[in-house]
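Asker: My questions will all concern the structure given below.
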Amino acid sequence: MQLDIQKLGCERDERWLFSDLDWQINPGELWRIEGPNGSGKTTLLRILSGQMADYTGTLSWHGEKLSRCREAFMASMLYIGHRPGVKKALTALENLDWYQAMSTVEEGGARARRDACFQALEAVGLAGFEETPVEALSAGQQRRVALARLALGHQRLWILDEPFTAIDRDGVRQLERWMMAHCEAGGSVVVTSHHDSGELLPASRVLRNLRFDGQGGVHVDC
Ligand SMILES: Nc1ncnc2c1ncn2[C@@H]1O[C@H](COP(=O)(O)OP(=O)(O)OP(=O)(O)O)[C@@H](O)[C@H]1O
């Protein structure tokens, strides 16, 4: 087991968004989180990714309470929020290089790190835009800079909030392929999307669904 969620609950403005949620995220599973606006999808992802502590219940990572293994958990998890989360004054390459420097153990030095960033930008279709300031990129390209972190990363658990936003059809398919390949290689993905979940995911054997009904109820695929 990877992430074990027991009796999870979150109250906002005197309304329980969800309560008593029991759920397990195992290696090889791709969880699609669905639900109406305001039902609590982003809140759930913020809790899972360790950004929000205002909840009831217990989260465990590989059998250990998250509060006791936070550092190991944060090193194993990649969160990309619904905003691109990139620094607009920096170039695409500088953004990725900075992210790499912050998040990984130095392997092979600065040159190897830079080469990996070039490859990641190429993988998301941004070859030739490496030295472009992010503020001069389109919304979809900015999102692609953020998603390039998936190509760099070594994290087992991906938590992605609305990653398809502003991405064109080819980009959506590519991202779907990455997510499925990640799970088939033993990783896990949790993803929210208002997008009709593309074309590839619905047929994937790794797909599971968690649905908010908008009235405090959550339905988890078995
Ligand atoms: N910082 C906050 N303080 C208080 N309430 C908040 C805060 N952030 C979100 N909420 C409330 O929590 C509820 C759930 O918000 P959340 O963003 O999790 O929903 P969502 O399902 O992701 O919605 P959407 O589909 O619109 O992105 C909303 O009613 C929202 O008003």
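Here, A, B, ... name the chains of the structure tokens in the order displayed, residue numbers run from 1 inside each chain, and ligands are numbered from 1 in the same displayed order.
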At a cut-off of 6 Å and counting only C-alpha atoms and all ligand atoms, what residues surround ligand 1? Please answer as a short mmCIF file (atom, residue, chain, number, x, y, z; two decimals) with C-alpha atoms, in the first residue's frame.
Answerer:
```cif
data_model
loop_
_atom_site.label_atom_id
_atom_site.label_comp_id
_atom_site.auth_asym_id
_atom_site.auth_seq_id
_atom_site.Cartn_x
_atom_site.Cartn_y
_atom_site.Cartn_z
CA ARG A 12 -15.38 24.64 5.29
CA PRO A 36 -19.28 19.62 -9.35
CA ASN A 37 -17.67 23.02 -8.79
CA GLY A 38 -17.03 23.69 -5.13
CA SER A 39 -17.53 20.08 -4.07
CA GLY A 40 -14.03 19.76 -2.57
CA LYS A 41 -11.74 18.24 -5.23
CA THR A 42 -8.96 20.81 -4.89
CA THR A 43 -9.30 20.77 -1.12
#
```
Asker: Quick one: everything within 8 Å of stretch 61-64 of chain A, counting only C-alpha atoms, minus sequence neighbours fewer than 6 positions away in the same chain. Send it as a PDB file with N, CA and C atoms, in the first residue's frame.
Answerer:
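File part-v1.pdb, as written:
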```
ATOM      1  N   MET A   1       0.824  -1.203   0.000  1.00  0.00           N
ATOM      2  CA  MET A   1       0.000   0.000   0.000  1.00  0.00           C
ATOM      3  C   MET A   1       0.861   1.258   0.000  1.00  0.00           C
ATOM      4  N   GLN A   2       0.357   2.274  -0.616  1.00  0.00           N
ATOM      5  CA  GLN A   2       1.131   3.497  -0.715  1.00  0.00           C
ATOM      6  C   GLN A   2       0.558   4.570   0.227  1.00  0.00           C
ATOM      7  N   LEU A   3      -0.585   5.139  -0.150  1.00  0.00           N
ATOM      8  CA  LEU A   3      -1.204   6.172   0.685  1.00  0.00           C
ATOM      9  C   LEU A   3      -2.542   5.653   1.199  1.00  0.00           C
ATOM     10  N   ASP A   4      -2.670   5.649   2.511  1.00  0.00           N
ATOM     11  CA  ASP A   4      -3.881   5.122   3.141  1.00  0.00           C
ATOM     12  C   ASP A   4      -4.614   6.279   3.808  1.00  0.00           C
ATOM     13  N   PHE A  73       7.786  11.575   2.393  1.00  0.00           N
ATOM     14  CA  PHE A  73       6.591  11.675   1.560  1.00  0.00           C
ATOM     15  C   PHE A  73       6.759  12.798   0.530  1.00  0.00           C
TER      16      PHE A  73
END
```
Asker: To one decimal in Å, tell me the separation between atom CA of A:Tyr79 and atom CA of A:Met102.
Answerer: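 Interatomic distance here is 14.1 Å.
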Asker: To one decimal place in Å, what is the distance between atom CA of A:Leu210 and atom CA of A:Leu66?
Answerer: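 Interatomic distance, atom CA of A:Leu210 to atom CA of A:Leu66: 21.4 Å.
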Asker: Rounded to one decimal in Å, what is the spacing between atom CA of A:Ala92 and atom CA of A:Ile167?
Answerer: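 Separating atom CA of A:Ala92 from atom CA of A:Ile167 is a distance of 16.5 Å.
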Asker: Extract the full set of strand (DSSP E) residues from chain A according to DSSP on the backbone, and format it as number ranges by chain.
Answerer: A: 3-12, 15-25, 30-34, 56-61, 64-65, 77-80, 157-161, 188-192, 207-212, 218-220
Asker: Given the choices A:Gly217, A:Gly50, A:Pro84, A:Gly9, which gets closest to A:Ala139 if the distance is worked out from only C-alpha atoms?
Answerer: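 The closest residue to A:Ala139 is A:Pro84.
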Asker: Could you list, as a VMD selection string, every residue within 10 Å of A:Pro133, counting only C-alpha atoms and ignoring same-chain residues fewer than 5 positions away?
Answerer: chain A and resid 87 to 95 142
Asker: Please write the residues from the selection above to a file, keeping C-alpha atoms, as a CSV table (one decimal), in the first residue's frame.
Answerer:
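Listed below is the output, selection.csv:
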```csv
chain,number,residue,atom,x,y,z
A,87,LYS,CA,7.9,32.0,-12.4
A,88,LYS,CA,7.0,34.3,-15.3
A,89,ALA,CA,10.1,36.4,-15.3
A,90,LEU,CA,12.3,33.4,-15.7
A,91,THR,CA,12.8,31.4,-19.0
A,92,ALA,CA,11.3,28.0,-19.4
A,93,LEU,CA,14.8,26.5,-18.9
A,94,GLU,CA,15.5,28.5,-15.8
A,95,ASN,CA,12.2,27.5,-14.3
A,142,GLN,CA,3.1,27.9,-19.7
```
